$ cat data_35.txt   # compact mmCIF, C-alpha atoms
# COMPACT_ATOMS: atom_id res chain seq x y z
CA MET D 438 105.90 -50.49 -84.63
CA SER D 439 104.08 -50.81 -81.34
CA ARG D 440 104.60 -48.19 -78.65
CA ARG D 441 106.27 -50.76 -76.44
CA GLY D 442 108.59 -51.82 -79.24
CA ALA D 443 109.49 -48.22 -80.05
CA PHE D 444 110.15 -47.48 -76.39
CA LEU D 445 112.35 -50.54 -75.97
CA LEU D 446 114.24 -49.69 -79.13
CA ALA D 447 114.82 -46.08 -78.06
CA ILE D 448 116.03 -47.19 -74.62
CA SER D 449 118.32 -49.81 -76.18
CA ILE D 450 119.83 -47.30 -78.59
CA LEU D 451 120.36 -44.69 -75.89
CA GLY D 452 121.88 -47.28 -73.57
CA ALA D 453 124.13 -48.61 -76.31
CA VAL D 454 125.48 -45.15 -77.17
CA VAL D 455 126.12 -44.18 -73.55
CA LEU D 456 127.66 -47.55 -72.76
CA GLN D 457 129.91 -47.45 -75.77
CA THR D 458 131.09 -43.83 -75.54
CA SER D 459 131.38 -43.22 -71.82
CA VAL D 460 131.36 -46.49 -69.90
CA LEU D 461 133.16 -49.21 -71.86
CA PRO D 462 136.21 -47.07 -72.82
CA VAL D 463 137.00 -46.67 -69.13
CA TYR D 464 137.12 -50.41 -68.53
CA VAL D 465 138.06 -52.12 -71.78
CA ASP D 466 140.69 -51.53 -74.41
CA SER D 467 139.42 -49.78 -77.52
CA LEU D 468 140.28 -52.90 -79.51
CA PHE D 469 137.71 -54.89 -77.58
CA LYS D 470 134.81 -52.52 -77.98
CA PRO D 471 131.65 -54.18 -79.35
CA ASP D 472 129.52 -52.37 -81.90
CA LEU D 473 126.22 -52.35 -80.03
CA LEU D 474 124.41 -50.30 -82.66
CA LEU D 475 125.23 -52.95 -85.25
CA VAL D 476 123.92 -55.59 -82.87
CA ILE D 477 120.64 -53.64 -82.61
CA MET D 478 120.53 -53.16 -86.38
CA VAL D 479 120.73 -56.92 -86.92
CA VAL D 480 117.75 -57.41 -84.58
CA LEU D 481 115.86 -54.97 -86.78
CA ALA D 482 116.96 -56.78 -89.94
CA LEU D 483 115.69 -60.08 -88.58
CA ARG D 484 112.46 -58.85 -87.01
CA ALA D 485 111.34 -55.52 -88.50
CA SER D 486 109.60 -54.79 -91.76
CA TYR D 487 111.27 -52.98 -94.64
CA GLY D 488 109.19 -49.87 -94.02
CA THR D 489 110.40 -49.53 -90.44
CA GLY D 490 113.79 -51.16 -90.71
CA VAL D 491 115.30 -49.32 -93.68
CA PRO D 492 115.12 -45.79 -92.23
CA LEU D 493 115.99 -47.07 -88.76
CA ALA D 494 119.06 -48.93 -90.00
CA TRP D 495 120.22 -45.83 -91.85
CA LEU D 496 119.57 -43.66 -88.78
CA LEU D 497 121.45 -46.09 -86.53
CA GLY D 498 124.43 -45.85 -88.85
CA LEU D 499 124.12 -42.08 -88.89
CA LEU D 500 124.03 -42.04 -85.09
CA LYS D 501 127.22 -44.05 -85.07
CA ASP D 502 128.80 -41.57 -87.45
CA VAL D 503 127.89 -38.71 -85.15
CA PHE D 504 129.99 -40.29 -82.41
CA SER D 505 132.69 -41.77 -84.57
CA GLY D 506 135.32 -40.70 -87.03
CA LEU D 507 135.13 -37.86 -89.50
CA TYR D 508 132.81 -39.06 -92.18
CA LEU D 509 129.10 -38.53 -91.62
CA GLY D 510 127.16 -41.09 -93.66
CA LEU D 511 129.84 -43.77 -93.80
CA ASN D 512 128.28 -46.14 -91.30
CA ALA D 513 124.79 -45.02 -92.33
CA PHE D 514 125.50 -46.38 -95.80
CA SER D 515 127.14 -49.59 -94.62
CA PHE D 516 124.37 -50.27 -92.09
CA LEU D 517 121.78 -49.77 -94.81
CA ILE D 518 123.52 -52.16 -97.20
CA VAL D 519 124.00 -54.79 -94.50
CA PHE D 520 120.38 -54.38 -93.39
CA LEU D 521 119.10 -54.90 -96.93
CA VAL D 522 121.25 -57.99 -97.44
CA ILE D 523 120.16 -59.57 -94.14
CA LYS D 524 116.54 -58.59 -94.72
CA SER D 525 116.55 -60.18 -98.17
CA VAL D 526 117.33 -63.57 -96.60
CA ALA D 527 115.65 -63.08 -93.22
CA ASP D 528 112.38 -64.63 -94.37
CA ARG D 529 114.19 -67.88 -95.04
CA LEU D 530 115.92 -67.86 -91.64
CA TYR D 531 114.73 -69.06 -88.27
CA ALA D 532 114.93 -65.59 -86.77
CA GLU D 533 114.11 -66.70 -83.22
CA SER D 534 117.28 -68.77 -83.00
CA GLY D 535 119.90 -67.22 -80.75
CA PHE D 536 122.71 -69.11 -82.45
CA LEU D 537 121.65 -67.88 -85.88
CA TYR D 538 121.49 -64.34 -84.50
CA VAL D 539 125.10 -64.57 -83.27
CA ILE D 540 126.18 -65.89 -86.68
CA THR D 541 124.28 -63.09 -88.43
CA VAL D 542 125.89 -60.44 -86.21
CA SER D 543 129.31 -61.88 -86.99
CA ALA D 544 128.58 -61.82 -90.72
CA ALA D 545 127.17 -58.28 -90.43
CA THR D 546 130.35 -57.16 -88.63
CA LEU D 547 132.51 -58.47 -91.47
CA ALA D 548 130.22 -57.03 -94.13
CA SER D 549 130.00 -53.63 -92.43
CA ALA D 550 133.78 -53.41 -92.04
CA ALA D 551 134.25 -54.43 -95.68
CA VAL D 552 131.79 -51.79 -96.94
CA ASN D 553 133.41 -49.15 -94.70
CA LEU D 554 136.86 -50.08 -95.96
CA VAL D 555 135.83 -49.91 -99.60
CA LEU D 556 134.17 -46.52 -99.09
CA LEU D 557 137.18 -45.14 -97.19
CA LEU D 558 139.62 -46.35 -99.83
CA LEU D 559 137.48 -44.99 -102.64
CA PHE D 560 136.55 -41.61 -101.24
CA THR D 561 139.14 -40.61 -98.63
CA ASN D 562 142.87 -40.29 -98.31
CA THR D 563 143.27 -42.74 -95.47
CA SER D 564 144.68 -45.81 -97.16
CA THR D 565 146.65 -46.70 -94.03
CA ILE D 566 143.42 -47.38 -92.17
CA ALA D 567 143.14 -50.72 -93.99
CA TYR D 568 145.90 -52.18 -91.83
CA SER D 569 144.20 -51.02 -88.61
CA MET D 570 140.84 -52.36 -89.73
CA VAL D 571 142.18 -55.75 -90.77
CA SER D 572 144.35 -56.17 -87.68
CA GLY D 573 141.52 -55.20 -85.34
CA LEU D 574 138.79 -57.11 -87.12
CA LEU D 575 139.13 -60.43 -85.30
CA PRO D 576 138.78 -59.07 -81.73
CA HIS D 577 136.01 -56.78 -82.96
CA LEU D 578 134.22 -59.75 -84.52
CA LEU D 579 134.58 -61.85 -81.38
CA PHE D 580 133.30 -59.11 -79.11
CA ASN D 581 130.36 -58.39 -81.35
CA ALA D 582 129.52 -62.09 -81.32
CA PHE D 583 129.86 -62.09 -77.53
CA ALA D 584 127.57 -59.06 -77.23
CA ALA D 585 125.09 -60.73 -79.59
CA SER D 586 125.12 -63.90 -77.52
CA LEU D 587 124.27 -61.83 -74.43
CA VAL D 588 121.41 -60.17 -76.30
CA ALA D 589 120.17 -63.60 -77.41
CA LEU D 590 120.04 -64.67 -73.77
CA LEU D 591 117.65 -61.86 -72.86
CA PRO D 592 114.11 -63.08 -72.27
CA LEU D 593 112.94 -60.20 -74.43
CA PHE D 594 114.78 -61.61 -77.43
CA ALA D 595 112.77 -64.81 -77.32
CA SER D 596 109.48 -63.18 -76.43
CA VAL D 597 109.33 -60.44 -79.05
CA GLU D 598 107.78 -61.98 -82.09
CA GLU D 599 107.98 -58.99 -84.32
CA VAL D 600 109.58 -55.61 -83.56
CA ALA D 601 107.51 -53.85 -86.13
CA MET W 1356 132.71 -58.62 43.96
CA SER W 1357 132.73 -55.07 42.84
CA MET W 1358 136.35 -55.45 41.91
CA LEU W 1359 135.49 -58.42 39.75
CA LYS W 1360 132.79 -56.37 38.11
CA LYS W 1361 135.19 -53.51 37.64
CA TYR W 1362 138.10 -55.40 36.10
CA GLY W 1363 136.27 -58.51 34.78
CA LEU W 1364 135.55 -57.09 31.37
CA ILE W 1365 139.07 -55.85 30.92
CA ALA W 1366 140.46 -59.19 32.00
CA LEU W 1367 138.12 -60.95 29.62
CA ILE W 1368 139.17 -58.81 26.71
CA ALA W 1369 142.82 -59.18 27.62
CA GLY W 1370 142.38 -62.93 27.93
CA GLY W 1371 140.62 -63.04 24.58
CA VAL W 1372 143.40 -61.07 22.95
CA LEU W 1373 145.92 -63.34 24.54
CA VAL W 1374 144.07 -66.47 23.37
CA ALA W 1375 143.89 -64.98 19.86
CA LEU W 1376 147.58 -64.24 19.94
CA ILE W 1377 148.36 -67.73 21.18
CA PHE W 1378 146.06 -69.16 18.53
CA PHE W 1379 147.81 -67.14 15.90
CA SER W 1380 151.24 -68.05 17.17
CA LEU W 1381 150.32 -71.71 17.26
CA ASN W 1382 149.08 -71.49 13.68
CA ILE W 1383 152.02 -69.69 12.19
CA PRO W 1384 152.49 -72.12 9.37
CA ARG W 1385 155.46 -74.38 9.52
CA ASN W 1386 153.99 -75.86 6.40
CA ARG W 1387 151.20 -74.95 4.00
CA GLU W 1388 148.78 -77.67 4.90
CA ALA W 1389 145.29 -76.67 6.00
CA ASN W 1390 144.49 -77.42 9.56
CA ALA W 1391 141.33 -79.05 10.84
CA ILE W 1392 139.42 -75.82 11.15
CA GLU W 1393 140.25 -74.69 7.66
CA ARG W 1394 139.42 -78.07 6.17
CA SER W 1395 136.12 -78.19 8.03
CA VAL W 1396 135.02 -74.72 6.98
CA LEU W 1397 136.06 -75.28 3.39
CA SER W 1398 134.23 -78.59 3.32
CA ILE W 1399 131.09 -76.98 4.65
CA MET W 1400 131.25 -73.99 2.33
CA SER W 1401 132.22 -75.85 -0.80
CA PRO W 1402 128.73 -77.15 -1.77
CA VAL W 1403 127.36 -73.68 -1.36
CA MET W 1404 130.19 -71.82 -3.07
CA LYS W 1405 130.16 -73.94 -6.22
CA PRO W 1406 126.58 -73.24 -7.40
CA VAL W 1407 126.74 -69.66 -6.23
CA SER W 1408 129.90 -69.18 -8.22
CA LYS W 1409 128.27 -70.79 -11.28
CA ILE W 1410 125.23 -68.58 -10.93
CA SER W 1411 127.45 -65.53 -10.58
CA PHE W 1412 129.35 -66.42 -13.72
CA PHE W 1413 126.08 -67.14 -15.50
CA ILE W 1414 124.72 -63.74 -14.55
CA ALA W 1415 127.97 -62.12 -15.54
CA ASP W 1416 127.78 -63.90 -18.89
CA ILE W 1417 124.24 -62.70 -19.44
CA TRP W 1418 125.24 -59.21 -18.53
CA ASP W 1419 128.29 -59.12 -20.74
CA GLY W 1420 126.91 -61.22 -23.57
CA TYR W 1421 123.39 -59.89 -23.87
CA ILE W 1422 122.41 -56.91 -21.79
CA ASN W 1423 125.70 -55.14 -22.40
CA LEU W 1424 125.40 -55.99 -26.16
CA VAL W 1425 122.02 -54.37 -26.67
CA THR W 1426 123.66 -51.37 -28.33
CA VAL W 1427 126.37 -53.36 -30.10
CA ARG W 1428 124.32 -53.82 -33.29
CA GLN W 1429 123.68 -50.11 -33.43
CA ASP W 1430 127.37 -49.51 -32.70
CA ASN W 1431 128.31 -51.99 -35.39
CA LEU W 1432 126.06 -50.30 -37.95
CA ARG W 1433 127.33 -46.89 -36.94
CA LEU W 1434 130.97 -47.97 -37.15
CA THR W 1435 130.43 -49.74 -40.47
CA ARG W 1436 128.83 -46.57 -41.82
CA GLN W 1437 131.72 -44.53 -40.46
CA ILE W 1438 134.22 -46.89 -42.10
CA LYS W 1439 132.39 -46.56 -45.40
CA GLU W 1440 132.31 -42.79 -45.06
CA LEU W 1441 136.00 -42.67 -44.21
CA ASN W 1442 136.85 -45.00 -47.09
CA ALA W 1443 134.81 -42.86 -49.45
CA ARG W 1444 136.58 -39.79 -48.09
CA ILE W 1445 139.97 -41.42 -48.63
CA VAL W 1446 139.06 -42.34 -52.21
CA SER W 1447 137.68 -38.85 -52.78
CA ASP W 1448 140.79 -37.25 -51.25
CA ASN W 1449 143.07 -39.43 -53.38
CA GLU W 1450 141.02 -38.55 -56.45
CA ALA W 1451 141.21 -34.85 -55.55
CA LEU W 1452 144.96 -35.18 -55.04
CA LEU W 1453 145.43 -36.83 -58.41
CA GLU W 1454 143.14 -34.29 -60.06
CA ASN W 1455 145.11 -31.54 -58.40
CA ARG W 1456 148.35 -32.94 -59.79
CA ARG W 1457 146.87 -33.27 -63.27
CA LEU W 1458 145.42 -29.78 -63.19
CA THR W 1459 148.66 -28.33 -61.84
CA ARG W 1460 150.52 -29.84 -64.77
CA LEU W 1461 147.82 -28.58 -67.12
CA LEU W 1462 148.15 -25.14 -65.55
CA ASP W 1463 151.91 -25.25 -66.05
CA MET W 1464 151.27 -26.01 -69.71
CA ARG W 1465 148.69 -23.22 -69.87
CA GLU W 1466 151.20 -20.71 -68.57
CA THR W 1467 153.52 -21.51 -71.44
CA ILE W 1468 150.80 -20.77 -73.98
CA THR W 1469 150.45 -17.15 -74.91
CA GLU W 1470 147.09 -17.61 -76.62
CA PRO W 1471 143.82 -17.77 -74.66
CA THR W 1472 142.87 -21.30 -73.66
CA LEU W 1473 139.88 -23.13 -72.29
CA THR W 1474 139.92 -26.21 -70.07
CA ALA W 1475 137.62 -29.07 -71.04
CA SER W 1476 136.89 -32.52 -69.67
CA VAL W 1477 136.80 -35.67 -71.75
CA VAL W 1478 133.29 -37.16 -71.58
CA GLY W 1479 133.31 -39.79 -74.29
CA ASP W 1480 135.25 -41.93 -76.66
CA ASP W 1481 134.83 -42.87 -80.30
CA LEU W 1482 132.07 -45.40 -81.00
CA SER W 1483 134.08 -47.37 -83.52
CA ASN W 1484 137.40 -49.17 -83.27
CA TRP W 1485 138.88 -47.76 -86.46
CA PHE W 1486 138.72 -44.06 -85.72
CA HIS W 1487 140.30 -42.17 -82.86
CA THR W 1488 138.27 -39.27 -81.57
CA LEU W 1489 137.25 -37.95 -78.16
CA ILE W 1490 134.21 -36.04 -77.01
CA ILE W 1491 134.81 -33.04 -74.72
CA ASP W 1492 132.30 -31.10 -72.66
CA ARG W 1493 132.74 -27.72 -74.36
CA GLY W 1494 131.11 -26.56 -77.54
CA SER W 1495 130.23 -23.51 -79.55
CA SER W 1496 128.59 -21.93 -76.50
CA SER W 1497 132.07 -21.76 -74.95
CA GLY W 1498 133.57 -20.27 -78.08
CA LEU W 1499 134.98 -23.44 -79.60
CA ARG W 1500 135.20 -23.78 -83.37
CA GLU W 1501 136.25 -26.53 -85.75
CA GLY W 1502 139.98 -26.55 -86.33
CA MET W 1503 141.12 -25.36 -82.93
CA ALA W 1504 144.08 -27.15 -81.37
CA VAL W 1505 143.70 -29.33 -78.29
CA VAL W 1506 146.64 -29.98 -75.98
CA ALA W 1507 147.25 -31.71 -72.64
CA ALA W 1508 149.96 -31.26 -70.02
CA ASP W 1509 152.38 -33.40 -72.01
CA GLY W 1510 151.72 -32.01 -75.46
CA VAL W 1511 149.50 -32.21 -78.52
CA VAL W 1512 146.23 -34.15 -78.28
CA GLY W 1513 144.59 -33.31 -81.57
CA GLN W 1514 142.26 -30.93 -83.30
CA ILE W 1515 138.57 -30.13 -82.95
CA VAL W 1516 136.65 -31.50 -85.91
CA LYS W 1517 132.97 -31.30 -84.93
CA VAL W 1518 131.36 -28.77 -82.66
CA SER W 1519 127.88 -28.78 -81.19
CA LEU W 1520 126.44 -26.38 -78.64
CA ASP W 1521 127.89 -28.01 -75.54
CA ASN W 1522 130.13 -30.76 -76.89
CA SER W 1523 132.91 -31.09 -79.39
CA ARG W 1524 134.69 -33.96 -81.01
CA VAL W 1525 138.47 -33.99 -81.09
CA LEU W 1526 140.36 -35.83 -83.81
CA LEU W 1527 143.32 -37.38 -82.01
CA LEU W 1528 146.77 -37.14 -83.48
CA THR W 1529 146.83 -40.95 -83.62
CA ASP W 1530 143.90 -41.09 -86.08
CA HIS W 1531 144.63 -41.97 -89.69
CA SER W 1532 143.08 -38.70 -90.87
CA SER W 1533 145.23 -36.52 -88.62
CA GLY W 1534 148.19 -34.55 -89.95
CA ILE W 1535 150.32 -32.05 -88.03
CA ALA W 1536 153.30 -30.12 -89.34
CA ALA W 1537 156.24 -31.04 -87.14
CA THR W 1538 159.94 -30.52 -86.56
CA ILE W 1539 162.63 -32.64 -84.97
CA GLN W 1540 163.76 -30.46 -82.06
CA ARG W 1541 167.46 -31.36 -82.27
CA SER W 1542 168.14 -31.26 -85.99
CA ARG W 1543 165.18 -29.08 -87.09
CA ALA W 1544 164.25 -31.70 -89.70
CA ARG W 1545 160.69 -31.21 -90.88
CA GLY W 1546 157.82 -33.50 -91.71
CA VAL W 1547 154.16 -34.21 -91.15
CA VAL W 1548 153.05 -36.29 -88.18
CA LYS W 1549 150.30 -38.67 -89.26
CA GLY W 1550 148.36 -41.10 -87.10
CA LYS W 1551 148.91 -44.81 -87.56
CA GLY W 1552 145.79 -45.86 -85.72
CA ASP W 1553 147.51 -48.15 -83.22
CA GLY W 1554 148.39 -45.48 -80.68
CA LEU W 1555 151.49 -44.49 -82.64
CA CYS W 1556 152.23 -41.88 -85.29
CA SER W 1557 154.59 -41.61 -88.20
CA LEU W 1558 156.64 -38.67 -89.42
CA GLU W 1559 156.07 -38.47 -93.14
CA PHE W 1560 157.86 -36.61 -95.89
CA THR W 1561 161.16 -36.41 -94.06
CA THR W 1562 163.88 -36.95 -96.64
CA ARG W 1563 166.62 -39.55 -96.23
CA GLU W 1564 169.26 -36.87 -95.83
CA GLU W 1565 167.64 -35.37 -92.72
CA ASP W 1566 169.25 -36.19 -89.36
CA VAL W 1567 166.73 -38.12 -87.27
CA LYS W 1568 167.63 -40.47 -84.42
CA VAL W 1569 165.69 -42.64 -82.02
CA GLY W 1570 164.88 -40.60 -78.91
CA ASP W 1571 164.65 -37.27 -80.73
CA GLN W 1572 161.86 -35.02 -79.54
CA VAL W 1573 159.24 -34.08 -82.12
CA ILE W 1574 157.55 -30.71 -81.72
CA ALA W 1575 154.92 -28.78 -83.63
CA SER W 1576 156.51 -26.58 -86.26
CA GLY W 1577 153.76 -23.98 -86.06
CA ILE W 1578 153.19 -24.13 -89.80
CA GLY W 1579 149.49 -23.91 -90.51
CA GLY W 1580 148.81 -21.73 -87.50
CA VAL W 1581 146.85 -24.31 -85.55
CA PHE W 1582 149.39 -25.70 -83.11
CA LEU W 1583 151.79 -23.37 -81.38
CA LYS W 1584 155.39 -23.74 -82.42
CA GLY W 1585 157.32 -25.90 -79.97
CA THR W 1586 154.39 -27.81 -78.51
CA PRO W 1587 155.62 -31.37 -77.81
CA ILE W 1588 154.17 -34.05 -80.07
CA GLY W 1589 156.21 -37.11 -79.17
CA GLU W 1590 159.45 -38.97 -79.33
CA VAL W 1591 161.03 -40.84 -82.23
CA SER W 1592 160.83 -44.56 -81.44
CA MET W 1593 162.03 -46.03 -84.74
CA VAL W 1594 163.92 -44.79 -87.81
CA LYS W 1595 164.25 -46.86 -90.94
CA LYS W 1596 166.09 -45.80 -94.06
CA GLY W 1597 165.48 -48.19 -96.93
CA GLU W 1598 167.86 -48.63 -99.82
CA TYR W 1599 165.45 -46.92 -102.14
CA GLY W 1600 162.97 -44.07 -101.84
CA ILE W 1601 163.22 -40.40 -101.06
CA PHE W 1602 161.83 -40.47 -97.56
CA GLN W 1603 162.73 -42.32 -94.38
CA THR W 1604 160.25 -44.25 -92.27
CA ILE W 1605 159.97 -42.70 -88.82
CA THR W 1606 157.69 -43.91 -86.04
CA ILE W 1607 156.75 -41.60 -83.20
CA ARG W 1608 155.40 -42.42 -79.77
CA PRO W 1609 153.01 -39.58 -78.83
CA ALA W 1610 153.85 -37.57 -75.72
CA VAL W 1611 150.25 -37.72 -74.58
CA ASN W 1612 148.65 -41.01 -73.60
CA THR W 1613 145.28 -40.46 -75.23
CA GLU W 1614 143.81 -43.61 -73.69
CA HIS W 1615 143.62 -42.07 -70.23
CA LEU W 1616 143.00 -38.40 -70.89
CA GLU W 1617 140.62 -36.66 -68.55
CA GLU W 1618 141.25 -32.93 -68.97
CA VAL W 1619 142.51 -31.03 -71.98
CA LEU W 1620 143.20 -27.46 -73.00
CA VAL W 1621 141.66 -25.98 -76.11
CA ILE W 1622 143.67 -23.18 -77.66
CA LEU W 1623 141.19 -20.56 -78.73
CA ARG W 1624 142.75 -19.64 -82.01
CA GLY W 1625 142.88 -21.13 -85.49
CA ARG W 1626 139.83 -22.56 -87.15
CA TYR W 1627 138.75 -23.98 -90.44
CA GLU W 1628 137.84 -21.20 -92.83
$ encode --input "data_35.txt" --output "structure tokens"
Amino acid sequence: MSRRGAFLLAISILGAVVLQTSVLPVYVDSLFKPDLLLVIMVVLALRASYGTGVPLAWLLGLLKDVFSGLYLGLNAFSFLIVFLVIKSVADRLYAESGFLYVITVSAATLASAAVNLVLLLLFTNTSTIAYSMVSGLLPHLLFNAFAASLVALLPLFASVEEVA
Amino acid sequence: MSMLKKYGLIALIAGGVLVALIFFSLNIPRNREANAIERSVLSIMSPVMKPVSKISFFIADIWDGYINLVTVRQDNLRLTRQIKELNARIVSDNEALLENRRLTRLLDMRETITEPTLTASVVGDDLSNWFHTLIIDRGSSSGLREGMAVVAADGVVGQIVKVSLDNSRVLLLTDHSSGIAATIQRSRARGVVKGKGDGLCSLEFTTREEDVKVGDQVIASGIGGVFLKGTPIGEVSMVKKGEYGIFQTITIRPAVNTEHLEEVLVILRGRYE
């Protein structure tokens, strides 16, 4: 990864975490909180190589776990799985398309929530969380898609050929 | 001749005064119409008065509209700045007032707690939508440990689950993973308050025979040693007893609105072993 790419990625991740933990909760309902780290992970899945993307996707998930819930490694695992799935088909996709990016983020949101739910049901005693996840999935999906569409509008999104 | 010289001036003045008096008396207006003299003088003066008056007004306009306004922009800027400063001060004063009220209530709560406590500010929220945790600005450097109870002015907030040097994460009582031993204040019925994830909680393991009604206050039972006995948890908002089953379904509305928490108290006792 180029120095510029690494710098942009670090800034984006830092901004996403600060925005999502300390800024957005003040202004928007928790139901309408986009998952900005997932949005960044999908960029990586579409643009980065396996060598760079796999550890970064896992670390992004781990970062999310640090600021969310009780279970360290939950999102790290789901991000990794989702990354690998998207990466396996990314070569056949027109990765520069903003519309495709929004669709991919939407699919990644569903897949990530599904993996999280399966893991929580299998390994924890929080079966009641399924109702919360299912009921909150649609607004979460819509807001992730909205956040992805904003990212796709950035000039940087079109100009960066390859993150790694 | 000398007599004429002597009294001539006096006679002249007296005559003049008399003529003036006669002139005045003749012109005491029977009506308001201008006489020939007035009309003549006004007619003569009018062409002069008109432009002079215009020029005077023009000069006055320049004076008032321009020369006098030289400092108006500076005044405007200064006043605008003052308004901004005063507005900021009003907002700051209102914020201080509200903070004072919140802290006073928190202090009232603190005085009811016999254990040592530590005040902390909420600095962050959970990243995900499914879990309900808060980040506070105190960590192990302030003596916080995992498992300690966190309360607000209105009652139980949750429990510390992760501690770093200067920050801690609090598992809210509304989270699915949260469980707090509780008692119905009126009937002393017991149960476990568990989070439902949607801002509400449920009281689990309360048998059908127990007396629970809508509006009952739910308090911490003190079992487990984390939350102090009697700390308010919430109010029963729904009770449902099915035809079958051992337990009743009880929904609780938490006493603390966790969405808008800004300051909390950490009770410095109890920790995970």
$ interface_residues --input "data_35.txt" --of "chain D" --to "chain W" --cutoff "7 Å" --atoms "only C-alpha atoms" --output "list in words"
Gln457, Thr458, Ser459, Pro462, Ser467, Leu468, Lys470, Asp472, Lys501, Phe504, Ser505, Gly506, Thr563, Thr565, Ile566, Ser569 and Met570 of chain D
$ atom_distance --input "data_35.txt" --atom1 "atom CA of D:Pro471" --atom2 "atom CA of D:Ala585"
9.3 Å
$ atom_distance --input "data_35.txt" --atom1 "atom CA of W:Ser1557" --atom2 "atom CA of W:Arg1465"
26.6 Å
$ residues_near_point --input "data_35.txt" --point "(135.3, -31.0, -80.0)" --cutoff "10 Å" --atoms "only C-alpha atoms" --output "number ranges by chain"
W: 1475, 1477, 1488-1495, 1499-1505, 1513-1519, 1521-1526, 1621
$ atom_distance --input "data_35.txt" --atom1 "atom CA of D:Ala544" --atom2 "atom CA of D:Leu497"
17.8 Å
$ residues_around --input "data_35.txt" --residues "D:Leu500" --least-positions-apart "6" --cutoff "10 Å" --atoms "all atoms listed in the file" --output "ChimeraX atom specification"
/D:450,454,474,494,509-510,512-513 /W:1482
$ residues_around --input "data_35.txt" --residues "D:Ala545" --least-positions-apart "5" --cutoff "8 Å" --atoms "all atoms listed in the file" --output "PyMOL selection string"
chain D and resi 475+479+519
$ closest_residue --input "data_35.txt" --among "D:Leu517, D:Ile523, D:Ser486, D:Ala447" --to "D:Ile540" --atoms "all atoms listed in the file"
D:Ile523
$ residues_around --input "data_35.txt" --residues "W:Leu1555" --least-positions-apart "5" --cutoff "7 Å" --atoms "all atoms listed in the file" --output "short mmCIF file (atom, residue, chain, number, x, y, z; two decimals) with C-alpha atoms, in the frame of the given file"
data_model
loop_
_atom_site.label_atom_id
_atom_site.label_comp_id
_atom_site.auth_asym_id
_atom_site.auth_seq_id
_atom_site.Cartn_x
_atom_site.Cartn_y
_atom_site.Cartn_z
CA THR W 1529 146.83 -40.95 -83.62
CA GLY W 1550 148.36 -41.10 -87.10
CA ILE W 1607 156.75 -41.60 -83.20
CA ARG W 1608 155.40 -42.42 -79.77
CA PRO W 1609 153.01 -39.58 -78.83
#
$ closest_residue --input "data_35.txt" --among "W:Lys1405, W:Leu1520, W:Val1427, W:Lys1549" --to "W:Ser1497" --atoms "all atoms listed in the file"
W:Leu1520
$ closest_residue --input "data_35.txt" --among "D:Phe580, D:Phe536, D:Tyr568, D:Phe514" --to "D:Leu473" --atoms "all atoms listed in the file"
D:Phe580
$ closest_residue --input "data_35.txt" --among "D:Val465, D:Val526, D:Ile477, D:Asn581" --to "D:Leu451" --atoms "only C-alpha atoms"
D:Ile477
$ residues_around --input "data_35.txt" --residues "W:Ala1610" --least-positions-apart "5" --cutoff "6 Å" --atoms "all atoms listed in the file" --output "JSON, numbers by chain"
{"W": [1509, 1510, 1588, 1589]}
$ write_last_selection --input "data_35.txt" --atoms "C-alpha atoms" --output "PDB file, keeping the file's coordinate frame"
ATOM      1  CA  ASP W1509     152.380 -33.400 -72.010  1.00  0.00           C
ATOM      2  CA  GLY W1510     151.720 -32.010 -75.460  1.00  0.00           C
ATOM      3  CA  ILE W1588     154.170 -34.050 -80.070  1.00  0.00           C
ATOM      4  CA  GLY W1589     156.210 -37.110 -79.170  1.00  0.00           C
TER       5      GLY W1589
END
$ build_atoms --input "data_35.txt" --residues "stretch 1540-1547 of chain W" --atoms "N, CA and C atoms" --output "PDB file, in the frame of the given file"
ATOM      1  N   GLN W1540     163.229 -31.566 -82.874  1.00  0.00           N
ATOM      2  CA  GLN W1540     163.760 -30.460 -82.060  1.00  0.00           C
ATOM      3  C   GLN W1540     165.281 -30.315 -82.198  1.00  0.00           C
ATOM      4  N   ARG W1541     166.000 -31.409 -82.255  1.00  0.00           N
ATOM      5  CA  ARG W1541     167.460 -31.360 -82.270  1.00  0.00           C
ATOM      6  C   ARG W1541     168.010 -30.896 -83.608  1.00  0.00           C
ATOM      7  N   SER W1542     167.537 -31.541 -84.682  1.00  0.00           N
ATOM      8  CA  SER W1542     168.140 -31.260 -85.990  1.00  0.00           C
ATOM      9  C   SER W1542     167.306 -30.316 -86.845  1.00  0.00           C
ATOM     10  N   ARG W1543     166.135 -29.948 -86.396  1.00  0.00           N
ATOM     11  CA  ARG W1543     165.180 -29.080 -87.090  1.00  0.00           C
ATOM     12  C   ARG W1543     164.683 -29.700 -88.399  1.00  0.00           C
ATOM     13  N   ALA W1544     164.788 -31.020 -88.523  1.00  0.00           N
ATOM     14  CA  ALA W1544     164.250 -31.700 -89.700  1.00  0.00           C
ATOM     15  C   ALA W1544     162.725 -31.610 -89.663  1.00  0.00           C
ATOM     16  N   ARG W1545     162.143 -31.419 -90.851  1.00  0.00           N
ATOM     17  CA  ARG W1545     160.690 -31.210 -90.880  1.00  0.00           C
ATOM     18  C   ARG W1545     159.943 -32.410 -91.451  1.00  0.00           C
ATOM     19  N   GLY W1546     158.670 -32.446 -91.174  1.00  0.00           N
ATOM     20  CA  GLY W1546     157.820 -33.500 -91.710  1.00  0.00           C
ATOM     21  C   GLY W1546     156.394 -33.288 -91.268  1.00  0.00           C
ATOM     22  N   VAL W1547     155.560 -34.271 -91.563  1.00  0.00           N
ATOM     23  CA  VAL W1547     154.160 -34.210 -91.150  1.00  0.00           C
ATOM     24  C   VAL W1547     153.869 -35.435 -90.282  1.00  0.00           C
TER      25      VAL W1547
END
